[in-house]
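Enquirer: Below is the structure I would like to discuss, written out as structure tokens.
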Amino acid sequence: MLNIQTRQDGTASVVSIQGKVNFEVTAQLRDVIRETVATAQPKLLVINLEGVSFIDSSGLGLLVAARNSVDKSGGKLHLACLPPPVKKTFDQTNLTNYFSIFATEQDALRGA
Amino acid sequence: MAKGVVLVVDDEAPIRDILSFYLKRADYQVLTAGNGAEALVEMGHLKPDLIISDLRMPEMPGDELCKRVKADPATQDIYFIILSALDGTASRIGGLSLGADDMIPKPFHAQEVLAKVDSTFRLIGMQKEIKRQNRELTAFQTRVQEEMELAAALQMGLLPKLPGEAHGVRYTHRYLPASGIGGDIYDVLPLPDGGTAVMIADVSGHGVTAALISAMVKTSFENQVRLGGGPLAWAQGMNEDLCRSTLAEQFATAWLGRVDPVRNVVRYVVAGHCAPLRIVGGARGGLRRSEVLRGKGFMLGLDAQLPFVEQDAEFLPGDRLLLYTDGLVEVEREDRTMLEEAGLRRICAELPEDADAAADVVVSQARAQNAPAAFIDDVTLVIVDRMDGGA
């Protein structure tokens with residue numbers, strides 16, 4: 001089971017995820033992200049991965065799709081607080097260079 | 001049309017008559033019998049939905065009739081109500097323990113019996129509907145199951161035939177899809193110039209969608225290899241194919257390699273896939289050193305413009321290449337650790353000379369080291385041995 005929280009910060013939306021992101025929970029996460037993008041139409045979507053212990057290929061696919069859909073609507077997607085195991089998966093798949101990744105949620109919100 | 005068929009069993013004719021009168025007036029079809037034996041004969045002509053039976057009767061009493069009805073698979077779903085002068089909780093429990101569905105104490109009001117019959121038929125109606133829906137669901141499930149099995153067999157057919165041999169290499173695989181059908185695929189193709197093209201890929205997600213895309217990945221790889229060029233051109237071509245034809249969340253990690261038996265190298269591209277191991281002299285068995293064929297590249301299908309990088313690694317006669325998908329090493333154990341690449345390398349430090357025996361050791365060791373946690377993702381392991389003295 002995935003724990004997902006969303007909040008607004010000005011024109012930005014923040015989605016915080018806790019748990020294991022695998023094929024069993026991607027549908028749940030997809031709905032939350034889709035709804036956040038549709039209702040808040042954020043200029044910036046920050047996804048905080050601090051509580052994520054593991055992410056598999058379907059989870060990565062979901063994040064890539066989220067970036068592409070935010071791109072299309074003229075917004076930006078920033079990822080924040082990747083724990084070491086998640087960082088490793090991103091490195092292995094070279095997604096570190098595909099996403100804008102920030103050390104803290106504040107940095108991600110500032111876009112620094 | 002009658003609302004249903006009720007069989008009234010009682011040795012007293014007045015009781016049969018009054019019940020028949022009320023039930024017929026309420027639109028039920030009524031059969032009657034004077035004892036259990038007669039009831040069984042009646043049931044031979046027409047199967048009732050409900051039996052209302054007295055307990056004490058000559059020939060065959062109600063408890064015996066109830067036992068027989070409930071013991072026969074052909075009649076056990078008939079609702080059975082016992083009419084009994086033996087009042088009190090004890091006899092009620094006794095009656096229900098015979099397998100009867102309900103009891104009505106004597107003396108009774110005909111209206112009371114009628115109300116009970118009506119409510120029983122509502123229940124029977126619901127049960128029939130549930131049974132009908134269950135039959136439909138079971139039929140649907142069977143059909144889906146059969147289709148999945150067919151698809152799984154087809155997918156197995158997409159894998160290279162074993163034992164595999166091409167231009168001085170020998171290969172084998174272990175393919176363990178998570179749900180009968182999976183998103184892993186690999187291929188080995190001999191090239192006209194004496195080289196060998198090797199590909200392993202892992203499509204994001206599971207099940208039918210991933211399996212369909214894995215078939216597409218294989219076709220795309222074959223097309224690219226046919227066009228000539230090397231792993232870099234193949235990766236670019238496959239990336240474009242996948243970007244064009246898959247949905248937003250569908251990607252594949254892949255490793256593409258070309259074995260060059262003249263230069264003794266394998267040229268490869270890593271597209272977000274776990275880096276394979278080169279086990280130096282591994283095809284000869286025994287204690288061996290391994291190297292990781294690392295590289296950085298994006299998964300296939302992300303974006304048609306993304307770049308890939310080609311690299312060379314030594315690959316000598318007697319060397320062994322071990323390709324795998326992440327499901328093999330990414331099982332979370334009870335202590336929350338995973339086997340990972342390091343654990344796999346420890347397993348590969350000493351393997352049998354025979355590739356099939358080696359593949360079995362790798363899978364069984366990985367399984368043992370993850371236990372009691374089981375593989376949850378698709379798992380594919382491919383071993384490619386360069387034969388000694390091969391061209």
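Quick note on naming: the chains in the structure tokens go A, B, ... in the order shown, residues restart at 1 in each chain, and ligands are numbered from 1 in order of appearance.
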So that I can check the secondary structure, give me every residue of range 192-298 of chain B assigned strand (DSSP E or B) by backbone DSSP, as a count of residues only.
Expert: 33
Enquirer: Residues within 7 Å of Tyr186 in chain B, please, as a list in words. Count only C-alpha atoms; anything in the same chain fewer than 2 positions from it doesn't count.
Expert: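 Everything that qualifies: Leu159, Met199, Ile200 and Ala201 of chain B.
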Enquirer: For chain B, which residues have at least one atom within 12 Å of chain A, if we go by only C-alpha atoms? Write them as a ChimeraX atom specification, please.
Expert: /B:178,183-184,201-207,209-210,246-255,270-275,294-303,305-309,325-327,330-332,336-338,340-341,376-378
Enquirer: Do you have the CA of Glu64 in chain B-CA of Glu38 in chain B distance handy?
Expert: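 Interatomic distance here is 12.6 Å.
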Enquirer: Excluding Cys81 in chain A and residues on its chain fewer than 4 positions from it, collect all residues at most 8 Å away from it, counting only C-alpha atoms, and give them as a list in words.
Expert: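 Residues meeting the cut-off are Asn48, Leu49, Glu50, Ile101, Phe102, Ala103, Thr104 and Glu105 of chain A.
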Enquirer: DSSP on the backbone, then: every residue of chain A marked helix (DSSP H, G or I), written as a PDB file with C-alpha atoms, in the first residue's frame.
Expert:
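And here is the file that came out, part.pdb:
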ATOM      1  CA  THR A  26       0.955   2.441 -10.007  1.00  0.00           C
ATOM      2  CA  ALA A  27      -2.783   2.715 -10.761  1.00  0.00           C
ATOM      3  CA  GLN A  28      -3.326   4.436  -7.403  1.00  0.00           C
ATOM      4  CA  LEU A  29      -0.424   6.844  -7.953  1.00  0.00           C
ATOM      5  CA  ARG A  30      -1.450   7.511 -11.551  1.00  0.00           C
ATOM      6  CA  ASP A  31      -4.942   8.576 -10.415  1.00  0.00           C
ATOM      7  CA  VAL A  32      -3.550  10.988  -7.808  1.00  0.00           C
ATOM      8  CA  ILE A  33      -1.106  12.603 -10.241  1.00  0.00           C
ATOM      9  CA  ARG A  34      -3.714  12.822 -12.981  1.00  0.00           C
ATOM     10  CA  GLU A  35      -6.247  14.420 -10.632  1.00  0.00           C
ATOM     11  CA  THR A  36      -3.688  16.863  -9.233  1.00  0.00           C
ATOM     12  CA  VAL A  37      -2.638  17.964 -12.717  1.00  0.00           C
ATOM     13  CA  ALA A  38      -6.262  18.227 -13.894  1.00  0.00           C
ATOM     14  CA  THR A  39      -7.693  20.143 -10.932  1.00  0.00           C
ATOM     15  CA  ALA A  40      -4.785  22.338  -9.797  1.00  0.00           C
ATOM     16  CA  SER A  57      10.086  -0.188 -14.063  1.00  0.00           C
ATOM     17  CA  SER A  58       6.338   0.448 -14.021  1.00  0.00           C
ATOM     18  CA  GLY A  59       6.925   3.165 -11.406  1.00  0.00           C
ATOM     19  CA  LEU A  60       9.630   4.732 -13.536  1.00  0.00           C
ATOM     20  CA  GLY A  61       7.318   4.569 -16.539  1.00  0.00           C
ATOM     21  CA  LEU A  62       4.673   6.387 -14.578  1.00  0.00           C
ATOM     22  CA  LEU A  63       7.073   9.204 -13.630  1.00  0.00           C
ATOM     23  CA  VAL A  64       8.236   9.577 -17.233  1.00  0.00           C
ATOM     24  CA  ALA A  65       4.631   9.717 -18.413  1.00  0.00           C
ATOM     25  CA  ALA A  66       3.916  12.330 -15.718  1.00  0.00           C
ATOM     26  CA  ARG A  67       6.813  14.455 -16.937  1.00  0.00           C
ATOM     27  CA  ASN A  68       5.672  14.202 -20.528  1.00  0.00           C
ATOM     28  CA  SER A  69       2.086  15.136 -19.679  1.00  0.00           C
ATOM     29  CA  VAL A  70       3.173  18.104 -17.511  1.00  0.00           C
ATOM     30  CA  ASP A  71       5.521  19.201 -20.341  1.00  0.00           C
ATOM     31  CA  LYS A  72       2.649  19.130 -22.788  1.00  0.00           C
ATOM     32  CA  PRO A  84      19.886   6.037  -2.181  1.00  0.00           C
ATOM     33  CA  PRO A  85      18.112   2.912  -3.553  1.00  0.00           C
ATOM     34  CA  VAL A  86      15.882   5.061  -5.778  1.00  0.00           C
ATOM     35  CA  LYS A  87      18.856   7.169  -6.852  1.00  0.00           C
ATOM     36  CA  LYS A  88      20.627   3.946  -7.841  1.00  0.00           C
ATOM     37  CA  THR A  89      17.707   2.858 -10.031  1.00  0.00           C
ATOM     38  CA  PHE A  90      17.638   6.293 -11.654  1.00  0.00           C
ATOM     39  CA  ASP A  91      21.376   6.117 -12.307  1.00  0.00           C
ATOM     40  CA  GLN A  92      21.133   2.653 -13.801  1.00  0.00           C
ATOM     41  CA  LEU A  95      16.887   8.811 -15.783  1.00  0.00           C
ATOM     42  CA  THR A  96      18.997  11.044 -13.544  1.00  0.00           C
ATOM     43  CA  ASN A  97      19.681  12.957 -16.751  1.00  0.00           C
ATOM     44  CA  GLU A 105      11.599  19.863  -1.480  1.00  0.00           C
ATOM     45  CA  GLN A 106      12.380  23.571  -0.926  1.00  0.00           C
ATOM     46  CA  ASP A 107      15.045  23.492  -3.663  1.00  0.00           C
ATOM     47  CA  ALA A 108      12.589  21.740  -5.952  1.00  0.00           C
ATOM     48  CA  LEU A 109       9.940  24.400  -5.280  1.00  0.00           C
ATOM     49  CA  ARG A 110      12.422  27.218  -5.905  1.00  0.00           C
TER      50      ARG A 110
END
Enquirer: I'd like the interatomic distance between CA of Leu232 in chain B and CA of Pro163 in chain B, to a tenth of an Å.
Expert: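 Computed distance, CA of Leu232 in chain B to CA of Pro163 in chain B, equals 28.3 Å.
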Enquirer: For CA of Val361 in chain B and CA of Glu291 in chain B, quote the distance in Å rounded to one decimal.
Expert: 19.1 Å
Enquirer: Need to verify the contact set: Val188 in chain B, 10 Å, only C-alpha atoms, exclusion of same-chain residues closer than 5 positions in sequence. Can you return it as a list in words?
Expert: Leu159, Pro160, Lys161, Gly164, Glu165, Ala166, Val169, Arg170, Tyr171, Thr196, Ala197, Val198, Met199, Ile200, Glu222, Gly257, Arg258 and Val384 of chain B
